[in-house]
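Data file: protein16.cif. Format and content: mmCIF, C-alpha atoms.
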data_model
loop_
_atom_site.group_PDB
_atom_site.id
_atom_site.type_symbol
_atom_site.label_atom_id
_atom_site.label_comp_id
_atom_site.auth_asym_id
_atom_site.auth_seq_id
_atom_site.Cartn_x
_atom_site.Cartn_y
_atom_site.Cartn_z
ATOM 1 C CA MET A 1316 6.147 -12.972 -31.125
ATOM 2 C CA SER A 1317 3.785 -10.659 -29.224
ATOM 3 C CA GLN A 1318 1.222 -11.918 -26.764
ATOM 4 C CA GLN A 1319 -2.377 -11.299 -27.807
ATOM 5 C CA ILE A 1320 -4.899 -11.194 -24.967
ATOM 6 C CA SER A 1321 -8.615 -10.525 -24.826
ATOM 7 C CA VAL A 1322 -9.759 -8.608 -21.734
ATOM 8 C CA ILE A 1323 -13.146 -7.276 -20.637
ATOM 9 C CA VAL A 1324 -13.211 -3.497 -20.213
ATOM 10 C CA GLY A 1325 -16.519 -1.804 -19.469
ATOM 11 C CA GLY A 1326 -18.419 -4.883 -20.561
ATOM 12 C CA LYS A 1327 -16.675 -4.951 -23.940
ATOM 13 C CA VAL A 1328 -13.907 -7.182 -25.255
ATOM 14 C CA LYS A 1329 -10.611 -5.388 -25.792
ATOM 15 C CA ARG A 1330 -7.561 -6.795 -27.521
ATOM 16 C CA LEU A 1331 -4.303 -6.309 -25.652
ATOM 17 C CA PHE A 1332 -0.931 -6.810 -27.315
ATOM 18 C CA LEU A 1333 2.111 -7.357 -25.115
ATOM 19 C CA PRO A 1334 5.739 -8.087 -26.044
ATOM 20 C CA ASP A 1335 7.044 -11.626 -26.225
ATOM 21 C CA SER A 1336 7.505 -13.263 -22.829
ATOM 22 C CA SER A 1337 11.302 -13.334 -23.265
ATOM 23 C CA GLN A 1338 11.612 -9.583 -23.822
ATOM 24 C CA GLN A 1339 12.512 -7.247 -20.972
ATOM 25 C CA VAL A 1340 10.111 -4.662 -19.615
ATOM 26 C CA LEU A 1341 12.973 -3.219 -17.553
ATOM 27 C CA PRO A 1342 16.621 -4.299 -17.416
ATOM 28 C CA GLY A 1343 16.668 -7.729 -15.810
ATOM 29 C CA VAL A 1344 12.870 -8.046 -15.715
ATOM 30 C CA ARG A 1345 11.249 -10.167 -18.420
ATOM 31 C CA TRP A 1346 7.620 -9.754 -19.407
ATOM 32 C CA GLY A 1347 6.799 -13.419 -18.810
ATOM 33 C CA HIS A 1348 3.563 -15.069 -19.920
ATOM 34 C CA HIS A 1349 0.292 -13.263 -19.249
ATOM 35 C CA TYR A 1350 -1.335 -16.475 -17.996
ATOM 36 C CA MET A 1351 1.331 -17.084 -15.347
ATOM 37 C CA THR A 1352 0.661 -15.422 -12.005
ATOM 38 C CA PHE A 1353 2.908 -12.626 -10.730
ATOM 39 C CA THR A 1354 4.656 -11.869 -14.043
ATOM 40 C CA PRO A 1355 4.743 -8.316 -15.466
ATOM 41 C CA ALA A 1356 2.469 -9.529 -18.276
ATOM 42 C CA PHE A 1357 0.039 -10.887 -15.664
ATOM 43 C CA TRP A 1358 -0.111 -7.554 -13.806
ATOM 44 C CA THR A 1359 -0.503 -5.603 -17.037
ATOM 45 C CA THR A 1360 -3.379 -7.820 -18.143
ATOM 46 C CA LEU A 1361 -5.029 -7.520 -14.749
ATOM 47 C CA ALA A 1362 -4.683 -3.737 -14.784
ATOM 48 C CA CYS A 1363 -6.453 -3.591 -18.148
ATOM 49 C CA SER A 1364 -9.372 -5.747 -17.065
ATOM 50 C CA ASP A 1365 -12.590 -4.900 -15.258
ATOM 51 C CA GLU A 1366 -10.947 -5.901 -11.977
ATOM 52 C CA ALA A 1367 -8.704 -2.839 -12.275
ATOM 53 C CA GLY A 1368 -11.792 -0.667 -12.494
ATOM 54 C CA GLU A 1369 -12.906 -1.941 -9.102
ATOM 55 C CA VAL A 1370 -9.761 -0.474 -7.563
ATOM 56 C CA ASP A 1371 -9.270 2.703 -9.568
ATOM 57 C CA ASP A 1372 -12.528 4.446 -8.722
ATOM 58 C CA GLY A 1373 -10.995 7.902 -8.667
ATOM 59 C CA SER A 1374 -10.149 8.024 -4.964
ATOM 60 C CA PHE A 1375 -8.178 5.974 -2.474
ATOM 61 C CA ARG A 1376 -9.203 7.981 0.563
ATOM 62 C CA ILE A 1377 -10.304 6.174 3.695
ATOM 63 C CA GLY A 1378 -11.088 9.271 5.745
ATOM 64 C CA ARG A 1379 -13.258 12.289 5.075
ATOM 65 C CA THR A 1380 -10.649 14.717 6.411
ATOM 66 C CA LEU A 1381 -6.859 14.735 6.490
ATOM 67 C CA LYS A 1382 -6.922 14.053 10.229
ATOM 68 C CA GLU A 1383 -9.005 10.967 9.564
ATOM 69 C CA GLU A 1384 -6.718 9.808 6.753
ATOM 70 C CA VAL A 1385 -3.616 10.132 8.911
ATOM 71 C CA ALA A 1386 -5.373 8.277 11.729
ATOM 72 C CA ALA A 1387 -6.514 5.463 9.431
ATOM 73 C CA CYS A 1388 -3.052 4.880 7.982
ATOM 74 C CA LEU A 1389 -1.209 5.339 11.278
ATOM 75 C CA LEU A 1390 -3.481 2.839 13.030
ATOM 76 C CA GLY A 1391 -2.971 0.393 10.167
ATOM 77 C CA GLY A 1392 0.393 -0.510 8.756
ATOM 78 C CA TYR A 1393 3.169 -2.615 10.226
ATOM 79 C CA GLY A 1394 2.033 -5.476 12.444
ATOM 80 C CA ILE A 1395 -1.674 -4.722 12.072
ATOM 81 C CA PRO A 1396 -3.963 -6.706 9.727
ATOM 82 C CA ALA A 1397 -5.935 -4.397 7.440
ATOM 83 C CA GLU A 1398 -9.335 -5.258 8.931
ATOM 84 C CA ILE A 1399 -8.135 -4.609 12.492
ATOM 85 C CA GLY A 1400 -6.516 -1.304 11.557
ATOM 86 C CA LEU A 1401 -9.738 -0.151 9.898
ATOM 87 C CA ALA A 1402 -11.850 -1.286 12.841
ATOM 88 C CA ALA A 1403 -9.613 0.685 15.226
ATOM 89 C CA PHE A 1404 -9.850 3.769 13.016
ATOM 90 C CA TYR A 1405 -13.644 3.615 12.783
ATOM 91 C CA HIS A 1406 -13.900 3.139 16.542
ATOM 92 C CA VAL A 1407 -11.734 6.204 17.212
ATOM 93 C CA ARG A 1408 -13.644 8.249 14.629
ATOM 94 C CA ASP A 1409 -17.063 7.166 15.883
ATOM 95 C CA CYS A 1410 -16.056 8.253 19.382
ATOM 96 C CA GLY A 1411 -15.650 11.771 18.007
ATOM 97 C CA LEU A 1412 -11.914 11.954 18.622
ATOM 98 C CA LEU A 1413 -10.928 13.153 15.147
ATOM 99 C CA THR A 1414 -12.755 16.466 15.167
ATOM 100 C CA GLY A 1415 -12.244 19.624 17.217
ATOM 101 C CA GLU A 1416 -9.530 19.807 19.845
ATOM 102 C CA PRO A 1417 -7.058 16.888 19.741
ATOM 103 C CA PRO A 1418 -7.767 14.201 22.354
ATOM 104 C CA SER A 1419 -5.247 13.324 25.022
ATOM 105 C CA GLU A 1420 -2.958 10.332 24.738
ATOM 106 C CA ASN A 1421 -4.751 8.720 27.689
ATOM 107 C CA THR A 1422 -8.141 9.093 25.991
ATOM 108 C CA LEU A 1423 -6.853 7.514 22.796
ATOM 109 C CA HIS A 1424 -5.228 4.707 24.748
ATOM 110 C CA ARG A 1425 -8.460 3.961 26.587
ATOM 111 C CA ILE A 1426 -10.408 3.768 23.320
ATOM 112 C CA LEU A 1427 -7.814 1.669 21.530
ATOM 113 C CA SER A 1428 -7.496 -0.712 24.476
ATOM 114 C CA ALA A 1429 -11.182 -1.642 24.308
ATOM 115 C CA PRO A 1430 -12.105 -4.829 22.390
ATOM 116 C CA LEU A 1431 -12.961 -4.349 18.727
ATOM 117 C CA ILE A 1432 -15.796 -6.245 17.090
ATOM 118 C CA ILE A 1433 -14.910 -7.720 13.716
ATOM 119 C CA GLY A 1434 -17.623 -9.941 12.328
ATOM 120 C CA ASN A 1435 -18.600 -12.289 15.131
ATOM 121 C CA ARG A 1436 -15.390 -12.046 17.117
ATOM 122 C CA LYS A 1437 -13.703 -9.703 19.539
ATOM 123 C CA VAL A 1438 -10.098 -8.704 18.953
ATOM 124 C CA ARG A 1439 -7.589 -6.512 20.713
ATOM 125 C CA TYR A 1440 -5.653 -3.765 18.989
ATOM 126 C CA ARG A 1441 -2.031 -4.845 19.288
ATOM 127 C CA PHE A 1442 -0.190 -1.539 19.710
ATOM 128 C CA ALA A 1443 -2.668 0.533 21.718
ATOM 129 C CA GLN A 1444 -0.100 2.339 23.867
ATOM 130 C CA GLN A 1445 2.419 3.041 21.108
ATOM 131 C CA ARG A 1446 -0.080 4.179 18.467
ATOM 132 C CA SER A 1447 -1.981 6.304 21.002
ATOM 133 C CA LYS A 1448 1.200 8.282 21.561
ATOM 134 C CA TYR A 1449 1.885 8.669 17.829
ATOM 135 C CA LEU A 1450 -1.696 9.531 16.925
ATOM 136 C CA CYS A 1451 -1.967 12.100 19.717
ATOM 137 C CA ALA A 1452 1.170 13.891 18.507
ATOM 138 C CA ALA A 1453 0.018 13.772 14.871
ATOM 139 C CA LEU A 1454 -3.423 15.197 15.655
ATOM 140 C CA ILE A 1455 -1.913 18.042 17.676
ATOM 141 C CA LYS A 1456 0.403 18.958 14.812
ATOM 142 C CA LEU A 1457 -2.389 18.742 12.218
ATOM 143 C CA HIS A 1458 -4.547 20.942 14.423
ATOM 144 C CA ASN A 1459 -1.904 23.680 14.530
ATOM 145 C CA ILE A 1460 -0.166 23.430 11.143
ATOM 146 C CA HIS A 1461 -1.413 23.216 7.564
ATOM 147 C CA PRO A 1462 0.802 20.740 5.681
ATOM 148 C CA PRO A 1463 1.910 21.442 2.073
ATOM 149 C CA VAL A 1464 -0.862 19.547 0.254
ATOM 150 C CA ASN A 1465 -0.157 21.301 -3.055
ATOM 151 C CA ASP A 1466 2.905 19.141 -3.711
ATOM 152 C CA ASP A 1467 2.843 15.405 -3.110
ATOM 153 C CA LEU A 1468 6.558 14.936 -2.406
ATOM 154 C CA SER A 1469 6.709 17.931 -0.067
ATOM 155 C CA PHE A 1470 3.608 16.597 1.657
ATOM 156 C CA ARG A 1471 5.203 13.208 2.189
ATOM 157 C CA GLN A 1472 8.362 14.807 3.510
ATOM 158 C CA TRP A 1473 6.246 16.757 6.002
ATOM 159 C CA LEU A 1474 4.542 13.563 7.111
ATOM 160 C CA LEU A 1475 7.929 11.928 7.682
ATOM 161 C CA GLY A 1476 8.490 14.506 10.404
ATOM 162 C CA LEU A 1477 5.658 13.018 12.480
ATOM 163 C CA SER A 1478 6.555 10.500 15.174
ATOM 164 C CA GLY A 1479 5.803 6.919 14.220
ATOM 165 C CA ILE A 1480 5.423 7.630 10.504
ATOM 166 C CA GLY A 1481 8.064 6.157 8.230
ATOM 167 C CA PRO A 1482 8.328 6.066 4.427
ATOM 168 C CA LYS A 1483 5.650 3.415 3.902
ATOM 169 C CA THR A 1484 2.974 5.070 6.052
ATOM 170 C CA ALA A 1485 3.851 8.529 4.722
ATOM 171 C CA SER A 1486 3.573 7.217 1.174
ATOM 172 C CA TRP A 1487 0.275 5.502 1.986
ATOM 173 C CA ILE A 1488 -1.237 8.729 3.292
ATOM 174 C CA THR A 1489 0.136 10.669 0.316
ATOM 175 C CA ARG A 1490 -1.167 8.169 -2.252
ATOM 176 C CA ASN A 1491 -4.584 8.066 -0.601
ATOM 177 C CA TRP A 1492 -5.074 11.768 0.047
ATOM 178 C CA LEU A 1493 -3.539 13.218 -3.118
ATOM 179 C CA LYS A 1494 -3.846 10.198 -5.431
ATOM 180 C CA SER A 1495 -0.170 10.627 -6.108
ATOM 181 C CA ASP A 1496 1.636 8.640 -8.789
ATOM 182 C CA ARG A 1497 5.024 9.901 -7.590
ATOM 183 C CA VAL A 1498 5.074 7.693 -4.503
ATOM 184 C CA ALA A 1499 4.540 3.975 -3.913
ATOM 185 C CA ILE A 1500 3.565 1.958 -0.849
ATOM 186 C CA ILE A 1501 6.289 -0.659 -0.628
ATOM 187 C CA ASP A 1502 4.742 -2.966 1.944
ATOM 188 C CA ILE A 1503 5.171 -6.731 2.332
ATOM 189 C CA HIS A 1504 2.756 -7.518 -0.527
ATOM 190 C CA ILE A 1505 4.394 -5.167 -3.032
ATOM 191 C CA TYR A 1506 7.824 -6.361 -1.937
ATOM 192 C CA ARG A 1507 6.887 -10.004 -2.502
ATOM 193 C CA ALA A 1508 5.417 -9.207 -5.911
ATOM 194 C CA GLY A 1509 8.628 -7.377 -6.802
ATOM 195 C CA LEU A 1510 10.738 -10.362 -5.772
ATOM 196 C CA LEU A 1511 8.644 -12.732 -7.884
ATOM 197 C CA MET A 1512 8.976 -10.463 -10.935
ATOM 198 C CA GLY A 1513 12.689 -9.954 -10.498
ATOM 199 C CA LEU A 1514 12.088 -6.272 -9.836
ATOM 200 C CA TYR A 1515 13.802 -6.568 -6.446
ATOM 201 C CA LYS A 1516 16.738 -8.606 -5.218
ATOM 202 C CA LEU A 1517 16.794 -10.878 -2.190
ATOM 203 C CA ASP A 1518 19.368 -8.691 -0.447
ATOM 204 C CA GLU A 1519 17.111 -5.613 -0.709
ATOM 205 C CA SER A 1520 14.503 -4.653 1.873
ATOM 206 C CA PRO A 1521 12.213 -1.645 2.355
ATOM 207 C CA THR A 1522 13.708 -1.017 5.781
ATOM 208 C CA LYS A 1523 17.078 -0.189 4.180
ATOM 209 C CA HIS A 1524 16.346 0.636 0.545
ATOM 210 C CA TYR A 1525 12.834 2.080 0.546
ATOM 211 C CA PHE A 1526 13.285 4.986 -1.840
ATOM 212 C CA GLN A 1527 15.397 3.028 -4.333
ATOM 213 C CA MET A 1528 12.755 0.290 -4.385
ATOM 214 C CA GLU A 1529 10.011 2.865 -4.723
ATOM 215 C CA GLU A 1530 11.759 4.424 -7.717
ATOM 216 C CA ARG A 1531 12.040 0.991 -9.330
ATOM 217 C CA PHE A 1532 8.336 0.315 -8.814
ATOM 218 C CA ILE A 1533 7.405 3.683 -10.333
ATOM 219 C CA GLU A 1534 9.635 2.910 -13.331
ATOM 220 C CA PHE A 1535 7.856 -0.419 -13.732
ATOM 221 C CA ALA A 1536 4.411 1.209 -13.596
ATOM 222 C CA ARG A 1537 5.448 3.687 -16.269
ATOM 223 C CA ALA A 1538 6.923 0.931 -18.420
ATOM 224 C CA ILE A 1539 3.615 -0.950 -18.522
ATOM 225 C CA ASN A 1540 1.644 2.303 -18.827
ATOM 226 C CA VAL A 1541 -0.392 1.915 -15.628
ATOM 227 C CA PRO A 1542 -0.718 4.708 -13.008
ATOM 228 C CA THR A 1543 1.501 3.924 -10.028
ATOM 229 C CA SER A 1544 -1.357 4.519 -7.582
ATOM 230 C CA SER A 1545 -3.626 2.038 -9.372
ATOM 231 C CA LEU A 1546 -0.943 -0.602 -9.884
ATOM 232 C CA ASP A 1547 0.033 -0.423 -6.213
ATOM 233 C CA ALA A 1548 -3.582 -1.051 -5.180
ATOM 234 C CA ILE A 1549 -4.126 -3.839 -7.733
ATOM 235 C CA ILE A 1550 -1.008 -5.758 -6.742
ATOM 236 C CA TRP A 1551 -1.695 -5.272 -3.019
ATOM 237 C CA ARG A 1552 -5.195 -6.724 -3.286
ATOM 238 C CA GLN A 1553 -4.185 -9.644 -5.489
ATOM 239 C CA MET A 1554 -1.178 -10.606 -3.368
ATOM 240 C CA LYS A 1555 -3.182 -10.336 -0.154
ATOM 241 C CA ASN A 1556 -5.887 -12.617 -1.539
ATOM 242 C CA ALA A 1557 -3.514 -15.106 -3.182
ATOM 243 C CA GLY A 1558 -2.510 -16.593 0.180
ATOM 244 C CA SER A 1559 -0.574 -19.845 -0.019
ATOM 245 C CA LEU A 1560 0.045 -19.421 -3.738
ATOM 246 C CA VAL A 1561 2.367 -16.519 -2.933
ATOM 247 C CA PHE A 1562 4.320 -18.499 -0.338
ATOM 248 C CA LYS A 1563 4.656 -21.437 -2.691
ATOM 249 C CA ALA A 1564 6.120 -19.162 -5.363
ATOM 250 C CA LEU A 1565 8.412 -17.442 -2.856
ATOM 251 C CA SER A 1566 9.715 -20.765 -1.536
ATOM 252 C CA GLN A 1567 11.305 -21.328 -4.919
ATOM 253 C CA LEU A 1568 13.307 -18.139 -4.435
ATOM 254 C CA ASP A 1569 14.505 -19.193 -0.964
ATOM 255 C CA CYS A 1570 13.080 -15.957 0.437
ATOM 256 C CA HIS A 1571 13.565 -15.109 4.082
ATOM 257 C CA ARG A 1572 11.064 -13.296 6.238
ATOM 258 C CA ILE A 1573 11.608 -9.509 6.298
ATOM 259 C CA THR A 1574 10.646 -7.209 9.156
ATOM 260 C CA PHE A 1575 9.060 -3.980 7.976
ATOM 261 C CA SER A 1576 8.890 -0.585 9.635
ATOM 262 C CA SER A 1577 6.108 1.992 9.390
#
Let me see the structure of the file written as structure tokens.
Amino acid sequence: MSQQISVIVGGKVKRLFLPDSSQQVLPGVRWGHHYMTFTPAFWTTLACSDEAGEVDDGSFRIGRTLKEEVAACLLGGYGIPAEIGLAAFYHVRDCGLLTGEPPSENTLHRILSAPLIIGNRKVRYRFAQQRSKYLCAALIKLHNIHPPVNDDLSFRQWLLGLSGIGPKTASWITRNWLKSDRVAIIDIHIYRAGLLMGLYKLDESPTKHYFQMEERFIEFARAINVPTSSLDAIIWRQMKNAGSLVFKALSQLDCHRITFSS
């Protein structure tokens, strides 16, 4: 028996019909009930609601130029909370270091070593020395070479040639800048969502199986008829905000903490 759901789209009620919870959306992945968090049916329903519209506004770009986008994603990522990564990016940009001639590594390090103001508190950027080196090299290369922005996969491959940029960060930049549906950002939140759906196995990790896991996520997005770029953003936001609910669900899978690369 199909699942019949009413969702709000553009202020109007829309009827959504999904397969029975016991049916498989992909081999080994059951639809589940739409009212149960973290099931494929749950994500499909969420993607069809007004909340999806808040994410899919036509652009995922953080920066106004490619240099800014690379800086924003490079300064975020592994080991850096989203709000701190963004604060570091805005500080570097507001200092005028992302236009004209590339700044020196020492200049970037000095700026990134300064306290950042987030709300009413001061925080330190955790990887000031390391990311200064990576960002300096990336800005020099972007200043001298025009990357292949006409093809998303070629663009990502070019980004993978930059120091400090691995598959996740390269995919993040590619998704943001080109709104690509041929890549996915398999970070900790997407990985956890995949585990809870049965999309990924406990012995898989993005550090070792990134591109296989990415392909699986793209297959899932196509199966539920949601653009990969939008689904990635929707799941990321929901999982980030779900907090302890995610860890409670994961504890039932006996999940172990995974270390992620850039």
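Picked out by the PyMOL selection byres ((chain A and resi 1392-1396) around 10) when it runs on this file: Ala1387, Cys1388, Leu1389, Leu1390, Gly1391, Ala1397, Glu1398, Ile1399, Gly1400, Leu1401, Tyr1440, Arg1441, Phe1442, Ile1480, Lys1483, Thr1484, Trp1487, Asp1502, Ile1503, Thr1574, Phe1575, Ser1576 and Ser1577 of chain A.
Straight-line separation from CA of Leu1413 in chain A to CA of Asp1547 in chain A: 27.6 Å.
Considering the residues A:Ile1432, A:Tyr1449, A:Leu1493, A:His1348 and counting only C-alpha atoms, Ile1377 in chain A has its shortest atom-to-atom contact with A:Leu1493.
The coordinates place CA of Ser1520 in chain A at 25.0 Å from CA of Met1351 in chain A.
Of the listed residues (A:Arg1425, A:Lys1563, A:Lys1382, A:Lys1494), A:Lys1382 comes nearest to Lys1456 in chain A; the distances count all atoms listed in the file.
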Find the spatial neighbours of range 1471-1478 of chain A, counting all atoms listed in the file, within a cut-off of 7 Å - ignore same-chain residues fewer than 4 positions away - and output them as a JSON list (two decimals) with C-alpha atoms, in the frame of the given file.
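Written file, result.json:
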[["chain", "number", "residue", "atom", "x", "y", "z"],
["A", 1449, "TYR", "CA", 1.88, 8.67, 17.83],
["A", 1453, "ALA", "CA", 0.02, 13.77, 14.87],
["A", 1462, "PRO", "CA", 0.80, 20.74, 5.68],
["A", 1467, "ASP", "CA", 2.84, 15.40, -3.11],
["A", 1482, "PRO", "CA", 8.33, 6.07, 4.43],
["A", 1485, "ALA", "CA", 3.85, 8.53, 4.72],
["A", 1486, "SER", "CA", 3.57, 7.22, 1.17],
["A", 1489, "THR", "CA", 0.14, 10.67, 0.32]]
Measure the distance from CA of Phe1353 in chain A to CA of His1504 in chain A in Å and round it to one decimal. 11.4 Å
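Among the candidates A:Leu1381, A:Leu1431, A:Leu1468, A:Ile1320, the one nearest to Phe1357 in chain A when counting all atoms listed in the file is A:Ile1320.
Near Ser1544 in chain A, within 8 Å and counting all atoms listed in the file, sit Arg1490, Lys1494, Ser1495, Asp1496, Val1498, Ala1499 and Ala1548 of chain A; same-chain residues fewer than 4 positions away were not included.
For the residues A:Ser1545, A:Ser1559, A:Ser1428, A:Leu1331, ranking by smallest atom-to-atom distance to Asn1491 in chain A using all atoms listed in the file places A:Ser1545 first.
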Which residues match the PyMOL selection byres ((chain A and resi 1525) around 10) in the file above, as number ranges by chain? A: 1481-1483, 1499-1502, 1519-1524, 1526-1531
From the set A:Val1561, A:Val1407, A:Leu1546, A:Ile1539, which residue has the shortest atom-to-atom contact distance to His1424 in chain A, counting all atoms listed in the file? A:Val1407
Would you pick out the contacts of Val1344 in chain A at 9 Å or less, using all atoms listed in the file, so that residues sharing its chain but fewer than 2 positions from it are not included, and give the list as JSON, numbers by chain? {"A": [1338, 1339, 1340, 1341, 1342, 1346, 1347, 1355, 1512, 1513, 1514]}
I want to know what sits within 9 Å of Val1322 in chain A, based on all atoms listed in the file, with residues of the same chain fewer than 5 positions away left out; could you give that as a ChimeraX atom specification? /A:1327-1331,1360-1361,1363-1365
Just write the chosen residues, C-alpha atoms, as a tab-separated table (two decimals), in the coordinates of the input.
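Listed below is the output, again.tsv:
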chain	number	residue	atom	x	y	z
A	1327	LYS	CA	-16.68	-4.95	-23.94
A	1328	VAL	CA	-13.91	-7.18	-25.26
A	1329	LYS	CA	-10.61	-5.39	-25.79
A	1330	ARG	CA	-7.56	-6.80	-27.52
A	1331	LEU	CA	-4.30	-6.31	-25.65
A	1360	THR	CA	-3.38	-7.82	-18.14
A	1361	LEU	CA	-5.03	-7.52	-14.75
A	1363	CYS	CA	-6.45	-3.59	-18.15
A	1364	SER	CA	-9.37	-5.75	-17.07
A	1365	ASP	CA	-12.59	-4.90	-15.26
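Among A:Trp1492, A:Asp1409, A:Asn1435, A:Ser1447, the residue with the shortest atom-to-atom distance to Leu1423 in chain A, counting all atoms listed in the file, is A:Ser1447.
The point (-12.1, 15.2, 7.3) has these residues within 12 Å of it, counting only C-alpha atoms: A:Arg1376, A:Ile1377, A:Gly1378, A:Arg1379, A:Thr1380, A:Leu1381, A:Lys1382, A:Glu1383, A:Glu1384, A:Val1385, A:Ala1386, A:Ala1387, A:Arg1408, A:Gly1411, A:Leu1412, A:Leu1413, A:Thr1414, A:Gly1415, A:Leu1457, A:His1458, A:Trp1492.
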